[in-house]
>>> print(open('structure_34.txt').read())   # compact mmCIF, N, CA and C atoms
# COMPACT_ATOMS: atom_id res chain seq x y z
N LEU A 275 -54.51 40.99 158.29
CA LEU A 275 -54.33 42.33 157.80
C LEU A 275 -55.17 42.60 156.57
N GLY A 276 -55.83 41.62 156.01
CA GLY A 276 -56.65 41.81 154.83
C GLY A 276 -55.85 41.93 153.54
N ALA A 277 -54.61 41.51 153.56
CA ALA A 277 -53.79 41.61 152.35
C ALA A 277 -54.18 40.52 151.37
N ARG A 278 -53.89 40.77 150.12
CA ARG A 278 -54.09 39.73 149.11
C ARG A 278 -52.94 39.78 148.12
N PHE A 279 -52.62 38.63 147.58
CA PHE A 279 -51.54 38.51 146.61
C PHE A 279 -52.03 38.97 145.25
N ARG A 280 -51.23 39.83 144.59
CA ARG A 280 -51.55 40.28 143.23
C ARG A 280 -50.29 40.25 142.38
N PRO A 281 -50.43 39.95 141.11
CA PRO A 281 -49.26 39.99 140.24
C PRO A 281 -48.65 41.38 140.22
N GLY A 282 -47.33 41.45 140.10
CA GLY A 282 -46.63 42.74 140.11
C GLY A 282 -47.11 43.69 139.03
N ILE A 283 -47.39 43.18 137.83
CA ILE A 283 -47.84 44.06 136.75
C ILE A 283 -49.18 44.69 137.10
N GLU A 284 -50.03 43.95 137.77
CA GLU A 284 -51.34 44.49 138.17
C GLU A 284 -51.15 45.66 139.14
N VAL A 285 -50.26 45.49 140.09
CA VAL A 285 -49.97 46.55 141.05
C VAL A 285 -49.40 47.77 140.34
N MET A 286 -48.43 47.54 139.45
CA MET A 286 -47.80 48.65 138.73
C MET A 286 -48.81 49.40 137.86
N LEU A 287 -49.69 48.69 137.18
CA LEU A 287 -50.69 49.37 136.35
C LEU A 287 -51.60 50.23 137.21
N ASP A 288 -51.95 49.75 138.38
CA ASP A 288 -52.76 50.55 139.30
C ASP A 288 -52.00 51.79 139.76
N VAL A 289 -50.77 51.61 140.19
CA VAL A 289 -49.95 52.71 140.70
C VAL A 289 -49.74 53.78 139.62
N LEU A 290 -49.55 53.33 138.39
CA LEU A 290 -49.29 54.26 137.28
C LEU A 290 -50.54 54.90 136.69
N GLY A 291 -51.71 54.49 137.15
CA GLY A 291 -52.94 55.06 136.61
C GLY A 291 -53.22 54.61 135.19
N PHE A 292 -52.93 53.36 134.91
CA PHE A 292 -53.07 52.83 133.56
C PHE A 292 -54.52 52.82 133.08
N ALA A 293 -55.45 52.42 133.91
CA ALA A 293 -56.85 52.31 133.48
C ALA A 293 -57.42 53.63 132.96
N PRO A 294 -57.25 54.75 133.68
CA PRO A 294 -57.77 56.01 133.13
C PRO A 294 -57.07 56.42 131.84
N ALA A 295 -55.78 56.18 131.75
CA ALA A 295 -55.05 56.50 130.51
C ALA A 295 -55.53 55.61 129.37
N LEU A 296 -55.80 54.36 129.66
CA LEU A 296 -56.27 53.42 128.66
C LEU A 296 -57.61 53.85 128.07
N GLU A 297 -58.47 54.40 128.90
CA GLU A 297 -59.78 54.87 128.41
C GLU A 297 -59.62 55.90 127.30
N ARG A 298 -58.59 56.73 127.39
CA ARG A 298 -58.37 57.80 126.41
C ARG A 298 -57.56 57.35 125.20
N ALA A 299 -56.98 56.17 125.26
CA ALA A 299 -56.06 55.71 124.22
C ALA A 299 -56.80 55.11 123.03
N SER A 300 -56.24 55.34 121.84
CA SER A 300 -56.73 54.64 120.66
C SER A 300 -55.77 53.53 120.26
N LEU A 301 -54.54 53.61 120.72
CA LEU A 301 -53.52 52.60 120.47
C LEU A 301 -52.61 52.53 121.69
N VAL A 302 -52.24 51.33 122.09
CA VAL A 302 -51.34 51.13 123.22
C VAL A 302 -50.01 50.62 122.68
N ILE A 303 -48.93 51.28 123.09
CA ILE A 303 -47.59 50.87 122.70
C ILE A 303 -46.84 50.44 123.96
N THR A 304 -46.35 49.22 123.94
CA THR A 304 -45.58 48.68 125.05
C THR A 304 -44.25 48.18 124.51
N GLY A 305 -43.37 47.77 125.37
CA GLY A 305 -42.12 47.25 124.85
C GLY A 305 -41.17 46.77 125.91
N GLU A 306 -40.11 46.13 125.42
CA GLU A 306 -39.02 45.68 126.28
C GLU A 306 -37.83 45.32 125.40
N GLY A 307 -36.73 45.07 126.00
CA GLY A 307 -35.51 44.79 125.25
C GLY A 307 -35.63 43.59 124.33
N SER A 308 -36.20 42.51 124.82
CA SER A 308 -36.35 41.30 124.01
C SER A 308 -37.74 40.72 124.22
N LEU A 309 -38.51 40.66 123.15
CA LEU A 309 -39.81 39.98 123.22
C LEU A 309 -39.54 38.51 122.93
N ASP A 310 -39.69 37.67 123.97
CA ASP A 310 -39.38 36.26 123.84
C ASP A 310 -40.33 35.45 124.71
N GLU A 311 -40.05 34.18 124.86
CA GLU A 311 -40.93 33.30 125.64
C GLU A 311 -41.16 33.82 127.06
N GLN A 312 -40.15 34.42 127.67
CA GLN A 312 -40.30 34.96 129.02
C GLN A 312 -41.36 36.06 129.06
N THR A 313 -41.48 36.80 127.98
CA THR A 313 -42.47 37.88 127.91
C THR A 313 -43.86 37.34 128.18
N LEU A 314 -44.13 36.15 127.70
CA LEU A 314 -45.47 35.56 127.81
C LEU A 314 -45.80 35.06 129.21
N HIS A 315 -44.82 35.07 130.10
CA HIS A 315 -45.03 34.52 131.44
C HIS A 315 -44.89 35.58 132.53
N GLY A 316 -45.67 36.64 132.39
CA GLY A 316 -45.76 37.61 133.46
C GLY A 316 -44.93 38.87 133.33
N LYS A 317 -44.25 39.08 132.22
CA LYS A 317 -43.48 40.32 132.08
C LYS A 317 -44.42 41.45 131.68
N ALA A 318 -43.95 42.67 131.84
CA ALA A 318 -44.80 43.85 131.66
C ALA A 318 -45.53 43.91 130.33
N PRO A 319 -44.90 43.68 129.18
CA PRO A 319 -45.65 43.80 127.93
C PRO A 319 -46.87 42.87 127.85
N ALA A 320 -46.76 41.67 128.38
CA ALA A 320 -47.89 40.75 128.38
C ALA A 320 -49.01 41.27 129.29
N GLY A 321 -48.64 41.83 130.42
CA GLY A 321 -49.64 42.39 131.33
C GLY A 321 -50.33 43.61 130.74
N VAL A 322 -49.55 44.47 130.10
CA VAL A 322 -50.12 45.65 129.44
C VAL A 322 -51.05 45.20 128.32
N ALA A 323 -50.62 44.24 127.52
CA ALA A 323 -51.44 43.76 126.41
C ALA A 323 -52.73 43.12 126.91
N ALA A 324 -52.65 42.36 127.98
CA ALA A 324 -53.86 41.72 128.53
C ALA A 324 -54.86 42.76 129.01
N ALA A 325 -54.37 43.78 129.70
CA ALA A 325 -55.27 44.84 130.19
C ALA A 325 -55.87 45.61 129.03
N ALA A 326 -55.07 45.90 128.02
CA ALA A 326 -55.56 46.65 126.86
C ALA A 326 -56.56 45.82 126.07
N ARG A 327 -56.26 44.55 125.89
CA ARG A 327 -57.18 43.67 125.15
C ARG A 327 -58.52 43.59 125.87
N ALA A 328 -58.50 43.51 127.20
CA ALA A 328 -59.74 43.46 127.97
C ALA A 328 -60.58 44.72 127.78
N ALA A 329 -59.90 45.83 127.45
CA ALA A 329 -60.60 47.10 127.22
C ALA A 329 -60.87 47.33 125.73
N GLY A 330 -60.55 46.34 124.90
CA GLY A 330 -60.81 46.45 123.47
C GLY A 330 -59.86 47.37 122.73
N LYS A 331 -58.67 47.55 123.26
CA LYS A 331 -57.68 48.44 122.64
C LYS A 331 -56.62 47.63 121.90
N GLU A 332 -56.16 48.16 120.78
CA GLU A 332 -55.11 47.53 120.00
C GLU A 332 -53.75 47.81 120.64
N VAL A 333 -52.86 46.82 120.58
CA VAL A 333 -51.54 46.92 121.20
C VAL A 333 -50.45 46.58 120.19
N VAL A 334 -49.42 47.43 120.16
CA VAL A 334 -48.20 47.11 119.42
C VAL A 334 -47.04 47.15 120.41
N ALA A 335 -45.98 46.46 120.05
CA ALA A 335 -44.81 46.41 120.93
C ALA A 335 -43.57 46.87 120.19
N VAL A 336 -42.73 47.59 120.89
CA VAL A 336 -41.41 47.99 120.40
C VAL A 336 -40.41 47.19 121.21
N CYS A 337 -39.42 46.64 120.52
CA CYS A 337 -38.44 45.81 121.22
C CYS A 337 -37.08 45.92 120.53
N GLY A 338 -36.07 45.58 121.26
CA GLY A 338 -34.76 45.52 120.66
C GLY A 338 -34.64 44.31 119.77
N ARG A 339 -35.13 43.18 120.28
CA ARG A 339 -35.03 41.90 119.57
C ARG A 339 -36.36 41.18 119.66
N LEU A 340 -36.80 40.61 118.56
CA LEU A 340 -38.06 39.86 118.52
C LEU A 340 -37.77 38.38 118.34
N ALA A 341 -38.21 37.57 119.31
CA ALA A 341 -38.01 36.13 119.25
C ALA A 341 -39.33 35.37 119.41
N LEU A 342 -40.45 36.03 119.06
CA LEU A 342 -41.76 35.39 119.12
C LEU A 342 -42.38 35.39 117.73
N SER A 343 -43.11 34.35 117.43
CA SER A 343 -43.82 34.27 116.16
C SER A 343 -45.07 35.15 116.21
N GLU A 344 -45.59 35.46 115.03
CA GLU A 344 -46.82 36.27 114.99
C GLU A 344 -47.97 35.60 115.74
N PRO A 345 -48.18 34.28 115.60
CA PRO A 345 -49.26 33.65 116.38
C PRO A 345 -49.09 33.81 117.89
N LEU A 346 -47.86 33.70 118.38
CA LEU A 346 -47.63 33.88 119.82
C LEU A 346 -47.88 35.33 120.23
N LEU A 347 -47.45 36.28 119.39
CA LEU A 347 -47.71 37.69 119.69
C LEU A 347 -49.21 37.94 119.76
N ARG A 348 -49.93 37.47 118.77
CA ARG A 348 -51.38 37.69 118.74
C ARG A 348 -52.07 37.02 119.92
N GLY A 349 -51.58 35.83 120.28
CA GLY A 349 -52.14 35.14 121.44
C GLY A 349 -51.94 35.93 122.72
N ALA A 350 -50.87 36.72 122.77
CA ALA A 350 -50.61 37.57 123.94
C ALA A 350 -51.36 38.89 123.85
N GLY A 351 -52.06 39.14 122.73
CA GLY A 351 -52.80 40.38 122.59
C GLY A 351 -52.03 41.49 121.91
N ILE A 352 -50.90 41.16 121.29
CA ILE A 352 -50.08 42.16 120.62
C ILE A 352 -50.29 42.02 119.11
N THR A 353 -50.81 43.09 118.50
CA THR A 353 -51.13 43.07 117.08
C THR A 353 -49.88 42.97 116.21
N ARG A 354 -48.87 43.72 116.58
CA ARG A 354 -47.65 43.76 115.77
C ARG A 354 -46.48 44.18 116.64
N ALA A 355 -45.30 43.66 116.31
CA ALA A 355 -44.08 44.05 117.02
C ALA A 355 -43.14 44.76 116.06
N TYR A 356 -42.43 45.74 116.60
CA TYR A 356 -41.48 46.55 115.85
C TYR A 356 -40.11 46.42 116.50
N PRO A 357 -39.31 45.44 116.05
CA PRO A 357 -37.97 45.30 116.62
C PRO A 357 -37.00 46.32 116.04
N LEU A 358 -36.14 46.86 116.88
CA LEU A 358 -35.11 47.77 116.39
C LEU A 358 -34.21 47.09 115.38
N THR A 359 -34.05 45.78 115.52
CA THR A 359 -33.20 45.05 114.59
C THR A 359 -33.78 45.00 113.18
N SER A 360 -35.03 45.38 113.00
CA SER A 360 -35.58 45.47 111.64
C SER A 360 -35.08 46.73 110.94
N VAL A 361 -34.64 47.71 111.72
CA VAL A 361 -34.07 48.94 111.18
C VAL A 361 -32.56 48.81 111.07
N GLU A 362 -31.96 48.26 112.14
CA GLU A 362 -30.50 48.10 112.19
C GLU A 362 -30.20 46.69 112.70
N PRO A 363 -29.80 45.77 111.81
CA PRO A 363 -29.56 44.39 112.22
C PRO A 363 -28.43 44.20 113.23
N ASP A 364 -27.48 45.10 113.28
CA ASP A 364 -26.35 44.97 114.20
C ASP A 364 -26.79 45.39 115.60
N VAL A 365 -26.81 44.44 116.52
CA VAL A 365 -27.28 44.70 117.88
C VAL A 365 -26.44 45.76 118.58
N ALA A 366 -25.14 45.73 118.39
CA ALA A 366 -24.28 46.75 119.02
C ALA A 366 -24.64 48.15 118.54
N ARG A 367 -24.94 48.28 117.27
CA ARG A 367 -25.36 49.59 116.75
C ARG A 367 -26.74 49.97 117.28
N CYS A 368 -27.62 48.99 117.42
CA CYS A 368 -28.95 49.27 118.01
C CYS A 368 -28.80 49.86 119.40
N ILE A 369 -27.89 49.31 120.17
CA ILE A 369 -27.67 49.80 121.53
C ILE A 369 -27.03 51.18 121.49
N ALA A 370 -26.02 51.35 120.66
CA ALA A 370 -25.30 52.62 120.59
C ALA A 370 -26.14 53.74 120.00
N GLN A 371 -27.05 53.40 119.10
CA GLN A 371 -27.85 54.42 118.41
C GLN A 371 -29.34 54.23 118.69
N ALA A 372 -29.66 53.83 119.89
CA ALA A 372 -31.05 53.51 120.22
C ALA A 372 -32.00 54.68 119.98
N GLY A 373 -31.63 55.89 120.35
CA GLY A 373 -32.52 57.04 120.19
C GLY A 373 -32.94 57.26 118.75
N PRO A 374 -32.02 57.44 117.82
CA PRO A 374 -32.41 57.64 116.43
C PRO A 374 -33.16 56.45 115.83
N ILE A 375 -32.78 55.25 116.23
CA ILE A 375 -33.47 54.06 115.71
C ILE A 375 -34.90 54.02 116.24
N LEU A 376 -35.09 54.36 117.52
CA LEU A 376 -36.44 54.42 118.07
C LEU A 376 -37.30 55.47 117.35
N GLU A 377 -36.70 56.56 116.97
CA GLU A 377 -37.43 57.58 116.21
C GLU A 377 -37.91 57.01 114.88
N ARG A 378 -37.06 56.24 114.22
CA ARG A 378 -37.45 55.63 112.95
C ARG A 378 -38.57 54.61 113.16
N VAL A 379 -38.48 53.84 114.22
CA VAL A 379 -39.53 52.87 114.53
C VAL A 379 -40.83 53.61 114.84
N ALA A 380 -40.76 54.69 115.59
CA ALA A 380 -41.96 55.48 115.90
C ALA A 380 -42.60 56.01 114.62
N SER A 381 -41.79 56.42 113.67
CA SER A 381 -42.32 56.88 112.39
C SER A 381 -43.07 55.76 111.67
N ARG A 382 -42.53 54.57 111.73
CA ARG A 382 -43.21 53.42 111.11
C ARG A 382 -44.55 53.14 111.78
N ILE A 383 -44.57 53.22 113.10
CA ILE A 383 -45.82 52.98 113.83
C ILE A 383 -46.84 54.06 113.43
N ALA A 384 -46.42 55.29 113.38
CA ALA A 384 -47.32 56.37 112.97
C ALA A 384 -47.85 56.14 111.56
N GLU A 385 -46.98 55.76 110.65
CA GLU A 385 -47.42 55.48 109.27
C GLU A 385 -48.42 54.34 109.23
N ASP A 386 -48.19 53.31 110.03
CA ASP A 386 -49.06 52.14 110.02
C ASP A 386 -50.40 52.36 110.71
N PHE A 387 -50.44 53.21 111.72
CA PHE A 387 -51.65 53.30 112.55
C PHE A 387 -52.34 54.65 112.53
N LEU A 388 -51.73 55.67 111.97
CA LEU A 388 -52.36 56.99 111.99
C LEU A 388 -52.89 57.42 110.62
N ARG A 389 -52.90 56.52 109.71
CA ARG A 389 -53.44 56.84 108.37
C ARG A 389 -54.92 56.84 108.37
>>> encode(input="structure_34.txt", output="structure tokens")
Amino acid sequence: LGARFRPGIEVMLDVLGFAPALERASLVITGEGSLDEQTLHGKAPAGVAAAARAAGKEVVAVCGRLALSEPLLRGAGITRAYPLTSVEPDVARCIAQAGPILERVASRIAEDFLR
């Protein structure tokens, strides 16, 4: 049938039209609930970061919890991570108040990258 095996993130990036959007981007923001060792082994943020890095784009990640060191983040192509727990250390409150906390994190990203 001419089929070939491709990683799921590669398929999703194609389906979502990531490459054309990436061309127009000056900064790529990705994220997931917990940035941890599993992230580095095929989860979406690592795939997004790899594609962005290949295109010479800077990547930051938003996460609920950060369990990776800066060297591991950089090795994955992520310049900086913004955990919600840096705004609100209580995980239950992070979950209950995710919207307002994400707004605060977005403000930090804007301050850091839009100056």
>>> select_by_dssp(input="structure_34.txt", residues="chain A", states="strand (DSSP E or B)", output="VMD selection string")
chain A and resid 301 to 309 332 to 340 354 to 357
>>> closest_atom_pairs(input="structure_34.txt", of="segment 301-327 of chain A", to="segment 279-283 of chain A", cutoff="7 Å", atoms="all atoms listed in the file", output="CSV")
residue,atom,partner,partner_atom,distance
A:Gly316,C,A:Ile283,N,6.7
A:Lys317,C,A:Ile283,CA,6.6
A:Ala318,CA,A:Ile283,CA,5.9
A:Gly321,CA,A:Ile283,CA,6.0
A:Val322,N,A:Ile283,CA,6.9
>>> write_last_selection(input="structure_34.txt", atoms="N, CA and C atoms", output="PDB file, keeping the file's coordinate frame")
ATOM      1  N   GLY A 316     -45.670  36.640 132.390  1.00  0.00           N
ATOM      2  CA  GLY A 316     -45.760  37.610 133.460  1.00  0.00           C
ATOM      3  C   GLY A 316     -44.930  38.870 133.330  1.00  0.00           C
ATOM      4  N   LYS A 317     -44.250  39.080 132.220  1.00  0.00           N
ATOM      5  CA  LYS A 317     -43.480  40.320 132.080  1.00  0.00           C
ATOM      6  C   LYS A 317     -44.420  41.450 131.680  1.00  0.00           C
ATOM      7  N   ALA A 318     -43.950  42.670 131.840  1.00  0.00           N
ATOM      8  CA  ALA A 318     -44.800  43.850 131.660  1.00  0.00           C
ATOM      9  C   ALA A 318     -45.530  43.910 130.330  1.00  0.00           C
ATOM     10  N   GLY A 321     -48.640  41.830 130.420  1.00  0.00           N
ATOM     11  CA  GLY A 321     -49.640  42.390 131.330  1.00  0.00           C
ATOM     12  C   GLY A 321     -50.330  43.610 130.740  1.00  0.00           C
ATOM     13  N   VAL A 322     -49.550  44.470 130.100  1.00  0.00           N
ATOM     14  CA  VAL A 322     -50.120  45.650 129.440  1.00  0.00           C
ATOM     15  C   VAL A 322     -51.050  45.200 128.320  1.00  0.00           C
TER      16      VAL A 322
END
>>> atom_distance(input="structure_34.txt", atom1="atom CA of Pro357 of chain A", atom2="atom N of Val289 of chain A")
27.6 Å
>>> residues_around(input="structure_34.txt", residues="Ile375 of chain A", least_positions_apart="3", cutoff="8 Å", atoms="only C-alpha atoms", output="PDB file with N, CA and C atoms, keeping the file's coordinate frame")
ATOM      1  N   LEU A 358     -36.140  46.860 116.880  1.00  0.00           N
ATOM      2  CA  LEU A 358     -35.110  47.770 116.390  1.00  0.00           C
ATOM      3  C   LEU A 358     -34.210  47.090 115.380  1.00  0.00           C
ATOM      4  N   VAL A 361     -34.640  47.710 111.720  1.00  0.00           N
ATOM      5  CA  VAL A 361     -34.070  48.940 111.180  1.00  0.00           C
ATOM      6  C   VAL A 361     -32.560  48.810 111.070  1.00  0.00           C
ATOM      7  N   GLU A 362     -31.960  48.260 112.140  1.00  0.00           N
ATOM      8  CA  GLU A 362     -30.500  48.100 112.190  1.00  0.00           C
ATOM      9  C   GLU A 362     -30.200  46.690 112.700  1.00  0.00           C
ATOM     10  N   CYS A 368     -27.620  48.990 117.420  1.00  0.00           N
ATOM     11  CA  CYS A 368     -28.950  49.270 118.010  1.00  0.00           C
ATOM     12  C   CYS A 368     -28.800  49.860 119.400  1.00  0.00           C
ATOM     13  N   GLN A 371     -27.050  53.400 119.100  1.00  0.00           N
ATOM     14  CA  GLN A 371     -27.850  54.420 118.410  1.00  0.00           C
ATOM     15  C   GLN A 371     -29.340  54.230 118.690  1.00  0.00           C
ATOM     16  N   ALA A 372     -29.660  53.830 119.890  1.00  0.00           N
ATOM     17  CA  ALA A 372     -31.050  53.510 120.220  1.00  0.00           C
ATOM     18  C   ALA A 372     -32.000  54.680 119.980  1.00  0.00           C
ATOM     19  N   ARG A 378     -37.060  56.240 114.220  1.00  0.00           N
ATOM     20  CA  ARG A 378     -37.450  55.630 112.950  1.00  0.00           C
ATOM     21  C   ARG A 378     -38.570  54.610 113.160  1.00  0.00           C
ATOM     22  N   VAL A 379     -38.480  53.840 114.220  1.00  0.00           N
ATOM     23  CA  VAL A 379     -39.530  52.870 114.530  1.00  0.00           C
ATOM     24  C   VAL A 379     -40.830  53.610 114.840  1.00  0.00           C
TER      25      VAL A 379
END
>>> residues_around(input="structure_34.txt", residues="Leu296 of chain A", least_positions_apart="5", cutoff="8 Å", atoms="only N, CA and C atoms", output="PyMOL selection string")
chain A and resi 291+301-302+325-326+329+331
>>> closest_residue(input="structure_34.txt", among="A:Gly338, A:Ala293, A:Gly351, A:Asp288", to="Pro319 of chain A", atoms="all atoms listed in the file")
A:Gly351
>>> closest_residue(input="structure_34.txt", among="A:Ala370, A:Leu290, A:Leu346, A:Ala341", to="Leu309 of chain A", atoms="only C-alpha atoms")
A:Ala341
>>> atom_distance(input="structure_34.txt", atom1="atom CA of Ala366 of chain A", atom2="atom C of Thr304 of chain A")
20.8 Å
>>> select_by_dssp(input="structure_34.txt", residues="segment 288-378 of chain A", states="helix (DSSP H, G or I)", output="PyMOL selection string")
chain A and resi 288-289+292-298+311-314+318-328+344-349+358-360+365-370+372-378
>>> closest_residue(input="structure_34.txt", among="A:Ser381, A:Pro374, A:Asp310, A:Ile303", to="Ile352 of chain A", atoms="only C-alpha atoms")
A:Ile303
>>> atom_distance(input="structure_34.txt", atom1="atom CA of Leu376 of chain A", atom2="atom CA of Gly307 of chain A")
12.0 Å
>>> closest_residue(input="structure_34.txt", among="A:Ala350, A:Ala355, A:Leu275, A:Val285", to="Ala320 of chain A", atoms="all atoms listed in the file")
A:Ala350
>>> closest_residue(input="structure_34.txt", among="A:Leu314, A:Glu297, A:Phe387, A:Thr359", to="Ala328 of chain A", atoms="only C-alpha atoms")
A:Glu297
